[in-house]
Each structure stands twice: as structure tokens, then as C-alpha cells.
Amino acid sequence: MEPVKLESLLRQLREVVGERYAFADPYEVRLYQYDASPETALPDIVVIPGTAEEVARVVKLCADAGIPITARSAASSLAGGTVPVERGVVITFARMDQILEIDSDNLRAVVQPGVVNLALSQALKPLGYYYVPDPSSQGACTIGGNVGTNAGGPHTLLYGVTVNHVTGLEVALPSGELVQVGGKKAAEATGYDLAGLLVGSEGTMGIVTRIWVKIQPLPPTQKTLMAVYPDVETASNAVSAIVRTGILPAAIEMMDKLSIQAIEAASHAGYPLDAGAVLLLEVDGIPELAEELGQRMAKVCRENGATEVRVARNEAERQALWKGRKGAFSAMGRLSSDFYVMDGVVPRTKLPDTLARIDAISARTGYRICNVFHAGDGNLHPLVLFDAFKPGQYEAVLRIGDEILKLCADAGGSVTGEHGIGLEKRENIRYVFSDDDLEVMDRIRRVFDPHRLMNPGKVFPSDGLAPSAHETLPGYPRRQAAAIGAGDDLWV
Ligand SMILES: Cc1cc2nc3c(=O)[nH]c(=O)nc-3n(C[C@H](O)[C@H](O)[C@H](O)COP(=O)(O)OP(=O)(O)OC[C@H]3O[C@@H](n4cnc5c(N)ncnc54)[C@H](O)[C@@H]3O)c2cc1C
């Protein structure tokens, strides 16, 4: 941005949010250049609004000046969703973190975008309720960010992802309007589901300033089982066998041998170190039902190759099992200084074949790949271990990631299950959508954002990025935008 334009915009933004909450100091804005992906890019200005009206005025000022706007909540995006690749203004929601209403009679809550996912369930717990979507990052990520990515989590198998739990949104548009779509509506609302359209739009249509969500009574009982298998293939086949019986557990998670070693070293969850794979399974409901389903599930697990099935005997044991799974990504630090997380989906029945192919990629390339994932949904998270400071390794893992995503798409799946497309997978999106599909999506996006100023450089494939704005973390070579194209030559 030209310095004069930047200064003038900063002055106007400060008139809206106050001197303290809009800044362009090169040192201060460095904190906002990254998220949980390896990509980085510096914003020109960071703004921290305190109200929805302030957000709307900020968005209009930027749009009128033709400046890109990137929404950033807790920045736990693994897809580079918040990295401002075209610079401009980053809007962050640290001051908009209030639960505005809990309406337990209507099973609804209203929150600001900066409310941390887990904080909502913690606030609801004394009242006997909870908010269902539970990404493994739930202690850090926000409901606003979850809306941005349409986040999932272990319990989405039975209960669905974020879009199934959001009934309304208030959104600031580039026109400066603050519009409400949906609200505390009943399930069978009439008209287009615009809230459904905006959930998962990764900040490319508007900025979410208020969210109406469903809440749910806490399940009377949760029965959690750990089933131990000699290998991932047997465990994967057991997943399909369980679903075939007609039991739909609330969660079925899988961890392979390498993941188990990392998790045990970090959190001592009680997973057996000699296992080839473990499944973590959960059913919930009234005690009699949960007990019966738990027993039936344990039987199916044994009949399908489990060498051991352990049932958590109390809440402490249940929490220990979940602590291991939810801390799995961070536990990878025990195995490697760096790892690259993929997020592909395959039909459940394709799990054994896909995992075998991933194993073959690992053997061929020499990079260790851990698998810890939402097995019930077929939502894979292969983690490729590497050392970013060794020349060539980052480029190699990007190629591996690309190969894995192609594998998922070819198996009838998709290139993201929950992390979003963001910056990371904007070229891979071509594996599942044609140019015509993308054109239609872009037209819909431009109804909201005619000049493509909202989170530019994300979701849609592009011919290139402005090289001056796009860097990677120290040790990571820059992703070569000019080389991006369809097919196998995505990354150089
Ligand atoms: C250890 C770890 C485990 C994870 N586990 C899971 C998991 O189990 N399931 C899962 O789905 N994800 C998981 N993630 C990824 C991440 O936590 C989710 O994508 C989450 O939804 C991001 O929330 P956030 O608040 O950090 O949003 P951010 O990262 O800040 O933003 C995410 C996207 O939403 C947009 N956005 C943010 N706020 C707004 C807003 N107010 N209006 C419009 N757009 C907005 C951003 O522009 C960006 O595109 C994990 C990440 C980590 C690091």
C-alpha cells in the first residue's frame, strides 16, 4: 500500500476504534503475520474492533479504499486461512469475546466471534448444556474461526459439523452494511439458508460479528472405549464393521503406531506402546442405552481383530483417553522438530486402501508419516515429519501432501474435511471442482464481495501471489507461487 494511503487509512481507522486498537508499527504487526500453518505474510495494518458497528465501519473504510481485509480470530488455522497474502488490513476479535445470551429453553446461545469454543461449553456446563462441535484445538480456537472454516471435531460423526449447529449470523459486508441472516430460528426455517452459505466461506464473503448457535443438554452418560489393533488395516476394517451393525457412535478416532508413541511420551494417556493402531470410540445417551451400545461395540471390535478392548471406568479415565487424542498434534514435537498436517477425506470403506497407499508413499520417500484422524468420518490427518532447516525437505513434504490429497480425491473423497482450503490447498481445490464449478462459486462470492477484497488469495486458485508480501517462517523456503498449476507440478 502506498505510504500516504496507508497513513490516511490508519488515521480514519483510529477514529473508529481508538488510537490503541489500530496500528501499523512494523514490529507490532509482525505478530499477525502467521497462523498454525507454515505460511506467513505481513499485514499493513492491524485493527482490533470492540463492537459489530466498529467492524462494519472498518470494513467499509477498507473497501472504499480498495484495501484487502483478512479476518483473524485465534489464528489456529492449519491452512494459512488468516495469512494476509495480499497485505492490507487484518481484523482480529480479541475484544469481541462475550457470550451475549444463553437461552436454554430454546436450546440457543448467542456469542461474539472471539468466544473460545471450549469457553462456551464451560459456561453452559453448570446449566446442564454444551456446544457440540469440539475441534481438538477447542481450548484455543474461537466460534468465529469455527464458522470461518466450518470446523469439525471428534464428535461430528454423530452430531455434524459447525454448519449443523449455527442458526444465524450477523455479518459486516464490504458495503458497510451489518446484516443478519437467520437468527434464533427453528430448524425448519423458510427461504434460502444464507447462514449455511456463509459458514465455511473462510472470511471471503463478509466478517462475522455475532453468531446464533444450537446448544444441547449434556448426555446423561458417555461410554468411552479404547480398542487395540495389530495394524491400521484391521482397525480400519473394524470401523466399517461397527457402522454396518447399525450403531452410530458419537466418535470413532484412530491413532497409528507412530502417533501412539508420540502421544504416550507427551501425555501418558494409557495407549499401549506395542499396538499397531488404537481406536477411541464413544457412545452417549441414557445409562442403559450407552451401556448396551458400549457392550455391543466392544463385541464387534473383538470380532474384528481387536486384541484388547478397554472401557473407561470413570470420568478421569475417559478424560485421560481424550487428552491423548486431543493433544496428538502437539505431541508430534516428541518425534520431529516439524510436521506438515494434511486434511483429506475418503469414503470410510476406502480407509484401508488409502492408508496402505500413504504408507507406500512414506516408504518410497523416506519421510515418516503419522496417522491420527476422525476414522468414523473418513477424515484423514496424515502428519508428515520433517526438518525445516534441512534443504529441500519442506518442498518434499509439500509434494507428499499434494500426492496424498490427489489420492483422497481419486478415492471419491475431498481435499479438506474440516481445516478449510485457505492458502494451502487453493490449487488442490481443482482436484474436486472444475473451472465451471469455481466460476459459479466466485459469482456467489461476488454477490457479497464484488471486488474480491475479503481474504483475497484464499480458497480460489490463482496464477500467483505478490512475492513481496509472501514469505514463510525462518527455515522454510518460500512456496513458489509462479510454479503453481494443476497436476503433479504444483510445488517446486
Ligand atoms: C492442534 C490443532 C488441532 C486442530 N484440530 C482441529 C479439529 O479437530 N477440527 C477442525 O475443524 N480444526 C482443527 N484445527 C484447525 C483450527 O483450529 C480450526 O480451523 C478452527 O476453526 C480455527 O479457528 P480460529 O479461531 O483459530 O480461526 P482462525 O484461524 O483465526 O481463522 C480461520 C478462518 O476463518 C476466518 N475467520 C476468522 N474469524 C472470522 C470472522 N469473524 N468472520 C469471518 N471469517 C472469519 C479466517 O479468515 C480464516 O479463513 C486444529 C488446529 C490445531 C492447531
# chains A, B, ... in the order shown; residues from 1 in each chain; ligands from 1
$ residues_near_ligand --ligand "ligand 1" --cutoff "7 Å" --atoms "only C-alpha atoms and all ligand atoms" --output "JSON, numbers by chain"
{"A": [35, 36, 70, 71, 72, 73, 74, 75, 76, 77, 78, 81, 82, 93, 113, 134, 135, 136, 137, 138, 140, 141, 142, 143, 144, 145, 146, 147, 148, 149, 150, 151, 152, 153, 154, 202, 203, 206, 207, 208, 209, 327, 329, 330, 418, 419, 420, 422, 455]}
$ write_last_selection --atoms "N, CA and C atoms" --output "tab-separated table (two decimals), in the first residue's frame"
chain	number	residue	atom	x	y	z
A	35	ASP	N	-0.21	-18.00	11.13
A	35	ASP	CA	-1.18	-18.78	11.91
A	35	ASP	C	-0.56	-20.15	12.17
A	36	ALA	N	-1.35	-21.22	12.29
A	36	ALA	CA	-0.75	-22.52	12.62
A	36	ALA	C	-0.19	-23.24	11.38
A	70	THR	N	-8.56	-9.11	5.94
A	70	THR	CA	-8.47	-10.52	6.37
A	70	THR	C	-8.93	-10.64	7.81
A	71	ALA	N	-9.92	-11.54	8.03
A	71	ALA	CA	-10.39	-11.79	9.40
A	71	ALA	C	-9.46	-12.79	10.06
A	72	ARG	N	-9.16	-12.53	11.32
A	72	ARG	CA	-8.27	-13.43	12.07
A	72	ARG	C	-8.84	-13.57	13.48
A	73	SER	N	-9.14	-14.80	13.86
A	73	SER	CA	-9.65	-15.00	15.23
A	73	SER	C	-8.50	-15.51	16.09
A	74	ALA	N	-8.47	-16.82	16.41
A	74	ALA	CA	-7.36	-17.32	17.25
A	74	ALA	C	-6.15	-17.72	16.40
A	75	ALA	N	-6.29	-17.65	15.08
A	75	ALA	CA	-5.19	-17.98	14.15
A	75	ALA	C	-4.68	-19.40	14.35
A	76	SER	N	-5.58	-20.34	14.64
A	76	SER	CA	-5.16	-21.75	14.72
A	76	SER	C	-5.37	-22.44	13.38
A	77	SER	N	-5.67	-21.66	12.34
A	77	SER	CA	-5.86	-22.25	11.01
A	77	SER	C	-4.63	-23.03	10.59
A	78	LEU	N	-4.85	-24.26	10.13
A	78	LEU	CA	-3.74	-25.08	9.64
A	78	LEU	C	-3.60	-24.93	8.13
A	81	GLY	N	-5.32	-19.83	6.52
A	81	GLY	CA	-6.53	-19.03	6.29
A	81	GLY	C	-6.42	-17.58	6.71
A	82	THR	N	-5.60	-17.29	7.70
A	82	THR	CA	-5.55	-15.91	8.21
A	82	THR	C	-4.31	-15.15	7.73
A	93	PHE	N	-10.34	-10.34	16.71
A	93	PHE	CA	-11.55	-10.25	17.54
A	93	PHE	C	-11.30	-10.46	19.03
A	113	PRO	N	-17.78	-13.31	17.92
A	113	PRO	CA	-16.90	-14.24	17.20
A	113	PRO	C	-15.66	-14.66	17.98
A	134	ASP	N	-16.48	-29.88	18.63
A	134	ASP	CA	-15.35	-29.85	19.56
A	134	ASP	C	-14.03	-30.12	18.84
A	135	PRO	N	-13.55	-29.16	18.01
A	135	PRO	CA	-12.25	-29.38	17.38
A	135	PRO	C	-11.20	-29.70	18.43
A	136	SER	N	-10.17	-30.44	18.03
A	136	SER	CA	-9.13	-30.77	19.02
A	136	SER	C	-8.45	-29.50	19.53
A	137	SER	N	-8.57	-28.41	18.78
A	137	SER	CA	-7.99	-27.12	19.19
A	137	SER	C	-8.97	-26.31	20.04
A	138	GLN	N	-10.01	-26.94	20.58
A	138	GLN	CA	-11.11	-26.18	21.17
A	138	GLN	C	-10.70	-25.31	22.36
A	140	ALA	N	-8.34	-23.29	22.30
A	140	ALA	CA	-7.77	-22.04	21.75
A	140	ALA	C	-8.66	-21.43	20.67
A	141	CYS	N	-9.22	-22.26	19.78
A	141	CYS	CA	-9.92	-21.69	18.62
A	141	CYS	C	-11.25	-21.08	19.05
A	142	THR	N	-11.76	-20.19	18.21
A	142	THR	CA	-12.96	-19.43	18.56
A	142	THR	C	-14.16	-19.88	17.72
A	143	ILE	N	-15.34	-19.50	18.19
A	143	ILE	CA	-16.55	-19.86	17.42
A	143	ILE	C	-16.53	-19.10	16.08
A	144	GLY	N	-16.02	-17.86	16.07
A	144	GLY	CA	-15.92	-17.11	14.81
A	144	GLY	C	-15.04	-17.83	13.80
A	145	GLY	N	-13.89	-18.31	14.27
A	145	GLY	CA	-12.99	-19.06	13.38
A	145	GLY	C	-13.61	-20.37	12.95
A	146	ASN	N	-14.35	-21.01	13.86
A	146	ASN	CA	-15.03	-22.27	13.53
A	146	ASN	C	-16.07	-22.05	12.43
A	147	VAL	N	-16.76	-20.90	12.52
A	147	VAL	CA	-17.72	-20.56	11.45
A	147	VAL	C	-16.95	-20.35	10.14
A	148	GLY	N	-15.80	-19.66	10.25
A	148	GLY	CA	-14.99	-19.40	9.05
A	148	GLY	C	-14.62	-20.69	8.33
A	149	THR	N	-14.23	-21.72	9.08
A	149	THR	CA	-13.74	-22.96	8.45
A	149	THR	C	-14.77	-24.08	8.41
A	150	ASN	N	-15.94	-23.85	9.03
A	150	ASN	CA	-16.91	-24.95	9.20
A	150	ASN	C	-16.22	-26.10	9.93
A	151	ALA	N	-15.71	-25.79	11.11
A	151	ALA	CA	-14.88	-26.74	11.86
A	151	ALA	C	-15.65	-28.00	12.24
A	152	GLY	N	-14.88	-29.08	12.29
A	152	GLY	CA	-15.41	-30.35	12.78
A	152	GLY	C	-14.70	-30.73	14.07
A	153	GLY	N	-14.71	-32.02	14.35
A	153	GLY	CA	-14.06	-32.49	15.58
A	153	GLY	C	-14.44	-33.95	15.76
A	154	PRO	N	-13.96	-34.57	16.82
A	154	PRO	CA	-14.23	-35.99	17.03
A	154	PRO	C	-15.71	-36.35	17.03
A	202	GLU	N	-14.72	-18.98	4.87
A	202	GLU	CA	-13.32	-18.62	5.19
A	202	GLU	C	-13.06	-17.12	5.06
A	203	GLY	N	-14.03	-16.33	5.49
A	203	GLY	CA	-13.83	-14.87	5.51
A	203	GLY	C	-13.80	-14.25	4.13
A	206	GLY	N	-17.74	-12.01	4.00
A	206	GLY	CA	-18.05	-10.96	4.97
A	206	GLY	C	-17.41	-11.32	6.30
A	207	ILE	N	-17.50	-10.36	7.24
A	207	ILE	CA	-16.91	-10.60	8.56
A	207	ILE	C	-18.03	-10.89	9.55
A	208	VAL	N	-17.95	-12.04	10.20
A	208	VAL	CA	-18.99	-12.46	11.14
A	208	VAL	C	-18.80	-11.72	12.46
A	209	THR	N	-19.88	-11.06	12.91
A	209	THR	CA	-19.78	-10.28	14.15
A	209	THR	C	-20.65	-10.83	15.28
A	327	GLY	N	-4.47	-34.02	22.27
A	327	GLY	CA	-3.13	-33.42	22.30
A	327	GLY	C	-2.20	-34.05	21.26
A	329	PHE	N	-1.59	-33.65	17.99
A	329	PHE	CA	-0.77	-32.85	17.07
A	329	PHE	C	0.43	-32.26	17.80
A	330	SER	N	0.15	-31.69	18.97
A	330	SER	CA	1.27	-31.06	19.68
A	330	SER	C	2.27	-32.11	20.17
A	418	GLU	N	-12.15	-30.48	7.22
A	418	GLU	CA	-12.52	-29.54	8.27
A	418	GLU	C	-11.58	-28.34	8.38
A	419	HIS	N	-10.35	-28.44	7.90
A	419	HIS	CA	-9.42	-27.33	8.10
A	419	HIS	C	-9.63	-26.20	7.11
A	420	GLY	N	-10.40	-26.43	6.07
A	420	GLY	CA	-10.62	-25.41	5.06
A	420	GLY	C	-9.58	-25.47	3.96
A	422	GLY	N	-8.21	-22.45	2.48
A	422	GLY	CA	-7.25	-21.41	2.83
A	422	GLY	C	-6.28	-21.11	1.71
A	455	ASN	N	-10.44	-11.44	2.33
A	455	ASN	CA	-9.49	-12.55	2.39
A	455	ASN	C	-9.01	-12.99	1.00
$ residues_around --residues "Gly50 (chain A)" --least-positions-apart "5" --cutoff "9 Å" --atoms "only C-alpha atoms" --output "ChimeraX atom specification"
/A:17,21,55,93-96
$ write_last_selection --atoms "C-alpha atoms" --output "compact mmCIF listing (two decimals), in the first residue's frame"
# COMPACT_ATOMS: atom_id res chain seq x y z
CA VAL A 17 -11.70 2.00 17.11
CA TYR A 21 -6.58 -0.58 18.59
CA VAL A 55 -16.28 -3.82 12.42
CA PHE A 93 -11.55 -10.25 17.54
CA ALA A 94 -9.74 -10.38 20.87
CA ARG A 95 -12.08 -7.67 22.24
CA MET A 96 -15.26 -9.34 20.96
$ residues_around --residues "Arg357 (chain A)" --least-positions-apart "2" --cutoff "12 Å" --atoms "only C-alpha atoms" --output "ChimeraX atom specification"
/A:233,350-355,359-364,369,382,400,403-408,411
$ select_by_dssp --residues "region 53-164 of chain A" --states "alpha helix (DSSP H)" --output "PyMOL selection string"
chain A and resi 53-64+117-124+143-149+156-159
$ decode --residues "region 360-397 of chain A" --atoms "N, CA and C atoms" --output "compact mmCIF listing (two decimals), in the first residue's frame"
# COMPACT_ATOMS: atom_id res chain seq x y z
N ALA A 360 2.89 -46.50 1.63
CA ALA A 360 3.80 -46.73 0.50
C ALA A 360 4.53 -45.41 0.13
N ILE A 361 3.83 -44.30 0.22
CA ILE A 361 4.47 -43.00 -0.07
C ILE A 361 5.59 -42.77 0.95
N SER A 362 5.28 -43.08 2.21
CA SER A 362 6.28 -42.91 3.27
C SER A 362 7.51 -43.77 2.98
N ALA A 363 7.27 -45.04 2.61
CA ALA A 363 8.39 -45.96 2.33
C ALA A 363 9.20 -45.46 1.13
N ARG A 364 8.50 -44.95 0.12
CA ARG A 364 9.18 -44.53 -1.11
C ARG A 364 10.01 -43.26 -0.89
N THR A 365 9.46 -42.32 -0.10
CA THR A 365 10.14 -41.02 0.05
C THR A 365 11.08 -40.99 1.25
N GLY A 366 10.88 -41.92 2.17
CA GLY A 366 11.73 -41.94 3.36
C GLY A 366 11.26 -40.98 4.45
N TYR A 367 10.12 -40.30 4.25
CA TYR A 367 9.59 -39.42 5.30
C TYR A 367 8.60 -40.19 6.17
N ARG A 368 8.76 -40.08 7.49
CA ARG A 368 7.82 -40.76 8.37
C ARG A 368 6.46 -40.04 8.32
N ILE A 369 5.38 -40.81 8.26
CA ILE A 369 4.04 -40.21 8.24
C ILE A 369 3.19 -40.85 9.34
N CYS A 370 2.70 -40.00 10.27
CA CYS A 370 1.81 -40.49 11.34
C CYS A 370 0.37 -40.32 10.88
N ASN A 371 -0.50 -41.15 11.37
CA ASN A 371 -1.92 -41.00 11.07
C ASN A 371 -2.72 -40.94 12.36
N VAL A 372 -3.37 -39.81 12.57
CA VAL A 372 -4.26 -39.66 13.73
C VAL A 372 -5.46 -38.92 13.20
N PHE A 373 -6.64 -39.55 13.29
CA PHE A 373 -7.73 -38.96 12.50
C PHE A 373 -9.12 -39.40 12.94
N HIS A 374 -10.10 -38.70 12.31
CA HIS A 374 -11.51 -38.96 12.60
C HIS A 374 -11.96 -40.13 11.69
N ALA A 375 -11.72 -41.36 12.16
CA ALA A 375 -11.90 -42.52 11.30
C ALA A 375 -13.37 -42.72 10.91
N GLY A 376 -14.27 -42.42 11.83
CA GLY A 376 -15.69 -42.62 11.53
C GLY A 376 -16.14 -41.80 10.34
N ASP A 377 -15.56 -40.61 10.17
CA ASP A 377 -15.91 -39.73 9.05
C ASP A 377 -15.04 -39.97 7.83
N GLY A 378 -14.03 -40.83 7.93
CA GLY A 378 -13.08 -40.98 6.83
C GLY A 378 -12.22 -39.73 6.66
N ASN A 379 -12.11 -38.93 7.72
CA ASN A 379 -11.37 -37.66 7.63
C ASN A 379 -9.94 -37.88 8.14
N LEU A 380 -9.02 -38.00 7.16
CA LEU A 380 -7.63 -38.33 7.47
C LEU A 380 -6.81 -37.10 7.84
N HIS A 381 -5.88 -37.28 8.75
CA HIS A 381 -4.90 -36.23 9.05
C HIS A 381 -3.49 -36.83 9.03
N PRO A 382 -2.97 -37.18 7.85
CA PRO A 382 -1.59 -37.65 7.84
C PRO A 382 -0.64 -36.51 8.23
N LEU A 383 0.28 -36.81 9.13
CA LEU A 383 1.27 -35.80 9.55
C LEU A 383 2.63 -36.24 9.03
N VAL A 384 3.19 -35.45 8.15
CA VAL A 384 4.49 -35.80 7.55
C VAL A 384 5.58 -35.13 8.39
N LEU A 385 6.49 -35.95 8.93
CA LEU A 385 7.53 -35.43 9.81
C LEU A 385 8.75 -35.01 9.00
N PHE A 386 9.32 -33.85 9.34
CA PHE A 386 10.49 -33.39 8.59
C PHE A 386 11.27 -32.39 9.41
N ASP A 387 12.35 -31.90 8.82
CA ASP A 387 13.17 -30.88 9.47
C ASP A 387 13.27 -29.68 8.53
N ALA A 388 12.61 -28.59 8.91
CA ALA A 388 12.51 -27.43 8.01
C ALA A 388 13.87 -26.81 7.70
N PHE A 389 14.85 -27.06 8.55
CA PHE A 389 16.16 -26.44 8.32
C PHE A 389 17.04 -27.28 7.39
N LYS A 390 16.57 -28.47 7.05
CA LYS A 390 17.34 -29.28 6.09
C LYS A 390 16.89 -28.92 4.67
N PRO A 391 17.80 -28.46 3.83
CA PRO A 391 17.42 -28.00 2.49
C PRO A 391 16.63 -29.05 1.73
N GLY A 392 15.55 -28.59 1.12
CA GLY A 392 14.75 -29.47 0.26
C GLY A 392 13.64 -30.22 0.97
N GLN A 393 13.70 -30.29 2.31
CA GLN A 393 12.70 -31.12 3.00
C GLN A 393 11.29 -30.51 2.95
N TYR A 394 11.21 -29.20 3.13
CA TYR A 394 9.88 -28.58 3.10
C TYR A 394 9.21 -28.76 1.73
N GLU A 395 9.99 -28.54 0.66
CA GLU A 395 9.44 -28.73 -0.69
C GLU A 395 8.99 -30.19 -0.87
N ALA A 396 9.78 -31.11 -0.31
CA ALA A 396 9.45 -32.54 -0.45
C ALA A 396 8.14 -32.85 0.28
N VAL A 397 7.94 -32.30 1.48
CA VAL A 397 6.69 -32.64 2.19
C VAL A 397 5.48 -31.99 1.51
